[in-house]
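> For reference, the structure I am asking about is given below.
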Amino acid sequence: VSSQLRAYCRKHFKEDYYLLRSIPGIGGIVAVGIITELGDLRRFSSLKHLAGYVGLVPGIYQSGATSRSMGMSPRCHGLIRSYYVEAAWQAIRTDPVIQAYYRKHLGKDVKKIIVKVAHKLLSRTLAVIKTKTPYEVGVVA
C-alpha cells in the first residue's frame, strides 16, 4: 500500500513530493502523509497558522489574570504532529545545521528540544513549498 501511495504522489503531486523529499528527515512515507493529510500547504498564510493546525504550538491556559503555558496544544492534527517529531529525530542525524541547533539547546528537556526542532522543520517545509526551491543540506537560510 505504501509503495502505491508513493507512486500516486509521484505521479499526481510530483513537484511537491520531490520538494518535500529534499528536506532531511522527510522520506517517502512522511512526504505522502504531509501531502494527503495537509493538502496544499500554500493555503496557509503563515507559519503560525500551519503550526497551530499541526499542533506544534504551546497550549495556553488563561483565566482572569492567570496565564500558564501547558506544553503542546491538545488541539492538533496528531498524525502529522507525530510525523514531524519523528522526522526531527532523523533531521538531527543528517543535517548539520539542525544538529547544531539541537546541540545548542542540550541540557534542557530532550522532548522540548525535539519539539523546537520539529517546529523548525515545519517552517522549512512551508518555505520549500512556497518558494518552490529544493532544500540544500547544511545551508543556513
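Quick note on naming: the chains in the C-alpha cells go A, B, ... in the order shown, residues restart at 1 in each chain, and ligands are numbered from 1 in order of appearance.
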Would you return as a PyMOL selection string the members of chain A that DSSP assigns to alpha helix (DSSP H) on this structure's backbone?
chain A and resi 2-12+14-21+28-38+47-54+78-94+96-104+110-131
> Would you write out those residues with C-alpha atoms, as a PDB file, in the first residue's frame?

ATOM      1  CA  SER A   2       2.792   2.438   0.882  1.00  0.00           C
ATOM      2  CA  SER A   3       4.528   1.915  -2.464  1.00  0.00           C
ATOM      3  CA  GLN A   4       1.226   2.549  -4.256  1.00  0.00           C
ATOM      4  CA  LEU A   5       0.737   5.759  -2.267  1.00  0.00           C
ATOM      5  CA  ARG A   6       4.258   6.932  -3.101  1.00  0.00           C
ATOM      6  CA  ALA A   7       3.696   6.112  -6.785  1.00  0.00           C
ATOM      7  CA  TYR A   8       0.408   8.051  -6.747  1.00  0.00           C
ATOM      8  CA  CYS A   9       2.066  11.099  -5.188  1.00  0.00           C
ATOM      9  CA  ARG A  10       4.993  10.912  -7.613  1.00  0.00           C
ATOM     10  CA  LYS A  11       2.504  10.941 -10.479  1.00  0.00           C
ATOM     11  CA  HIS A  12      -0.080  13.499  -9.323  1.00  0.00           C
ATOM     12  CA  LYS A  14       5.333  15.304  -8.407  1.00  0.00           C
ATOM     13  CA  GLU A  15       6.725  18.776  -7.673  1.00  0.00           C
ATOM     14  CA  ASP A  16       5.561  18.956  -4.041  1.00  0.00           C
ATOM     15  CA  TYR A  17       6.577  15.346  -3.380  1.00  0.00           C
ATOM     16  CA  TYR A  18      10.155  15.866  -4.525  1.00  0.00           C
ATOM     17  CA  LEU A  19      10.414  19.245  -2.774  1.00  0.00           C
ATOM     18  CA  LEU A  20       9.366  17.595   0.487  1.00  0.00           C
ATOM     19  CA  ARG A  21      11.785  14.716  -0.075  1.00  0.00           C
ATOM     20  CA  GLY A  28       8.673   8.948   1.151  1.00  0.00           C
ATOM     21  CA  ILE A  29       6.105   7.923   3.762  1.00  0.00           C
ATOM     22  CA  VAL A  30       6.202  11.248   5.616  1.00  0.00           C
ATOM     23  CA  ALA A  31       6.009  13.201   2.333  1.00  0.00           C
ATOM     24  CA  VAL A  32       2.945  11.187   1.322  1.00  0.00           C
ATOM     25  CA  GLY A  33       1.425  11.796   4.762  1.00  0.00           C
ATOM     26  CA  ILE A  34       2.002  15.534   4.529  1.00  0.00           C
ATOM     27  CA  ILE A  35       0.531  15.749   1.029  1.00  0.00           C
ATOM     28  CA  THR A  36      -2.518  13.617   1.823  1.00  0.00           C
ATOM     29  CA  GLU A  37      -3.296  14.956   5.285  1.00  0.00           C
ATOM     30  CA  LEU A  38      -2.473  18.645   4.847  1.00  0.00           C
ATOM     31  CA  LEU A  47       3.931  29.516   9.681  1.00  0.00           C
ATOM     32  CA  LYS A  48       1.882  30.493  12.717  1.00  0.00           C
ATOM     33  CA  HIS A  49      -1.316  29.185  11.102  1.00  0.00           C
ATOM     34  CA  LEU A  50       0.312  25.967   9.914  1.00  0.00           C
ATOM     35  CA  ALA A  51       1.951  25.315  13.299  1.00  0.00           C
ATOM     36  CA  GLY A  52      -1.396  25.862  15.007  1.00  0.00           C
ATOM     37  CA  TYR A  53      -3.072  23.387  12.675  1.00  0.00           C
ATOM     38  CA  VAL A  54      -0.353  20.768  13.123  1.00  0.00           C
ATOM     39  CA  GLY A  78      -1.974  14.277  15.857  1.00  0.00           C
ATOM     40  CA  LEU A  79      -0.762  12.134  12.972  1.00  0.00           C
ATOM     41  CA  ILE A  80       1.071  14.961  11.226  1.00  0.00           C
ATOM     42  CA  ARG A  81       2.498  16.215  14.514  1.00  0.00           C
ATOM     43  CA  SER A  82       3.931  12.768  15.226  1.00  0.00           C
ATOM     44  CA  TYR A  83       5.324  12.632  11.668  1.00  0.00           C
ATOM     45  CA  TYR A  84       7.175  15.894  12.267  1.00  0.00           C
ATOM     46  CA  VAL A  85       8.506  14.805  15.655  1.00  0.00           C
ATOM     47  CA  GLU A  86       9.866  11.579  14.153  1.00  0.00           C
ATOM     48  CA  ALA A  87      11.248  13.477  11.156  1.00  0.00           C
ATOM     49  CA  ALA A  88      13.012  15.829  13.589  1.00  0.00           C
ATOM     50  CA  TRP A  89      14.948  12.898  15.062  1.00  0.00           C
ATOM     51  CA  GLN A  90      16.098  11.914  11.572  1.00  0.00           C
ATOM     52  CA  ALA A  91      16.947  15.502  10.614  1.00  0.00           C
ATOM     53  CA  ILE A  92      19.262  15.811  13.621  1.00  0.00           C
ATOM     54  CA  ARG A  93      21.275  12.902  12.260  1.00  0.00           C
ATOM     55  CA  THR A  94      21.530  14.138   8.664  1.00  0.00           C
ATOM     56  CA  PRO A  96      24.490  19.727  10.261  1.00  0.00           C
ATOM     57  CA  VAL A  97      22.556  22.986  10.723  1.00  0.00           C
ATOM     58  CA  ILE A  98      19.702  21.267  12.569  1.00  0.00           C
ATOM     59  CA  GLN A  99      22.231  19.197  14.507  1.00  0.00           C
ATOM     60  CA  ALA A 100      23.978  22.405  15.645  1.00  0.00           C
ATOM     61  CA  TYR A 101      20.594  23.853  16.677  1.00  0.00           C
ATOM     62  CA  TYR A 102      19.888  20.702  18.697  1.00  0.00           C
ATOM     63  CA  ARG A 103      23.304  20.786  20.388  1.00  0.00           C
ATOM     64  CA  LYS A 104      22.887  24.477  21.227  1.00  0.00           C
ATOM     65  CA  VAL A 110      15.070  16.486  25.287  1.00  0.00           C
ATOM     66  CA  LYS A 111      11.366  16.343  24.436  1.00  0.00           C
ATOM     67  CA  LYS A 112      11.115  20.130  24.427  1.00  0.00           C
ATOM     68  CA  ILE A 113      14.178  20.407  22.212  1.00  0.00           C
ATOM     69  CA  ILE A 114      12.729  17.910  19.737  1.00  0.00           C
ATOM     70  CA  VAL A 115       9.507  19.911  19.528  1.00  0.00           C
ATOM     71  CA  LYS A 116      11.597  23.011  18.731  1.00  0.00           C
ATOM     72  CA  VAL A 117      13.440  21.086  16.022  1.00  0.00           C
ATOM     73  CA  ALA A 118      10.110  19.794  14.652  1.00  0.00           C
ATOM     74  CA  HIS A 119       8.818  23.377  14.526  1.00  0.00           C
ATOM     75  CA  LYS A 120      11.959  24.424  12.648  1.00  0.00           C
ATOM     76  CA  LEU A 121      11.422  21.521  10.251  1.00  0.00           C
ATOM     77  CA  LEU A 122       7.822  22.639   9.754  1.00  0.00           C
ATOM     78  CA  SER A 123       8.992  26.151   8.884  1.00  0.00           C
ATOM     79  CA  ARG A 124      11.462  24.748   6.371  1.00  0.00           C
ATOM     80  CA  THR A 125       8.713  22.619   4.857  1.00  0.00           C
ATOM     81  CA  LEU A 126       6.478  25.633   4.351  1.00  0.00           C
ATOM     82  CA  ALA A 127       9.352  27.688   2.905  1.00  0.00           C
ATOM     83  CA  VAL A 128      10.349  24.953   0.455  1.00  0.00           C
ATOM     84  CA  ILE A 129       6.787  24.514  -0.798  1.00  0.00           C
ATOM     85  CA  LYS A 130       6.023  28.232  -1.086  1.00  0.00           C
ATOM     86  CA  THR A 131       9.299  29.178  -2.796  1.00  0.00           C
TER      87      THR A 131
END
> Using the chain letters and numbers from this document, which residues of segment 7-81 of chain A does DSSP assign to strand (DSSP E), as a PyMOL selection string?
chain A and resi 58-63+66-72
> Take the residues from that selection and write them out as a short mmCIF file (atom, residue, chain, number, x, y, z; two decimals), in the first residue's frame, keeping C-alpha atoms.

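The new file selection.cif reads:
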data_model
loop_
_atom_site.label_atom_id
_atom_site.label_comp_id
_atom_site.auth_asym_id
_atom_site.auth_seq_id
_atom_site.Cartn_x
_atom_site.Cartn_y
_atom_site.Cartn_z
CA PRO A 58 2.20 25.82 23.12
CA GLY A 59 -1.15 25.28 24.80
CA ILE A 60 -2.11 28.27 26.91
CA TYR A 61 -4.46 28.31 29.89
CA GLN A 62 -5.93 31.72 30.71
CA SER A 63 -8.40 32.60 33.41
CA THR A 66 -3.74 33.88 35.38
CA SER A 67 -1.92 32.74 32.26
CA ARG A 68 0.03 29.46 32.04
CA SER A 69 1.81 27.69 29.24
CA MET A 70 0.91 24.00 29.21
CA GLY A 71 3.21 22.37 26.66
CA MET A 72 1.97 21.37 23.20
#
> Have a look at A:Cys76, A:Leu41, A:Ile23, A:Val1 and name the one nearest to Leu56 of chain A; count only C-alpha atoms.
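Among A:Cys76, A:Leu41, A:Ile23, A:Val1, it is A:Cys76 that comes nearest to Leu56 of chain A.
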> For atom CA of Arg75 of chain A and atom CA of Gly55 of chain A, quote the distance in Å rounded to one decimal.
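Separating atom CA of Arg75 of chain A from atom CA of Gly55 of chain A is a distance of 6.4 Å.
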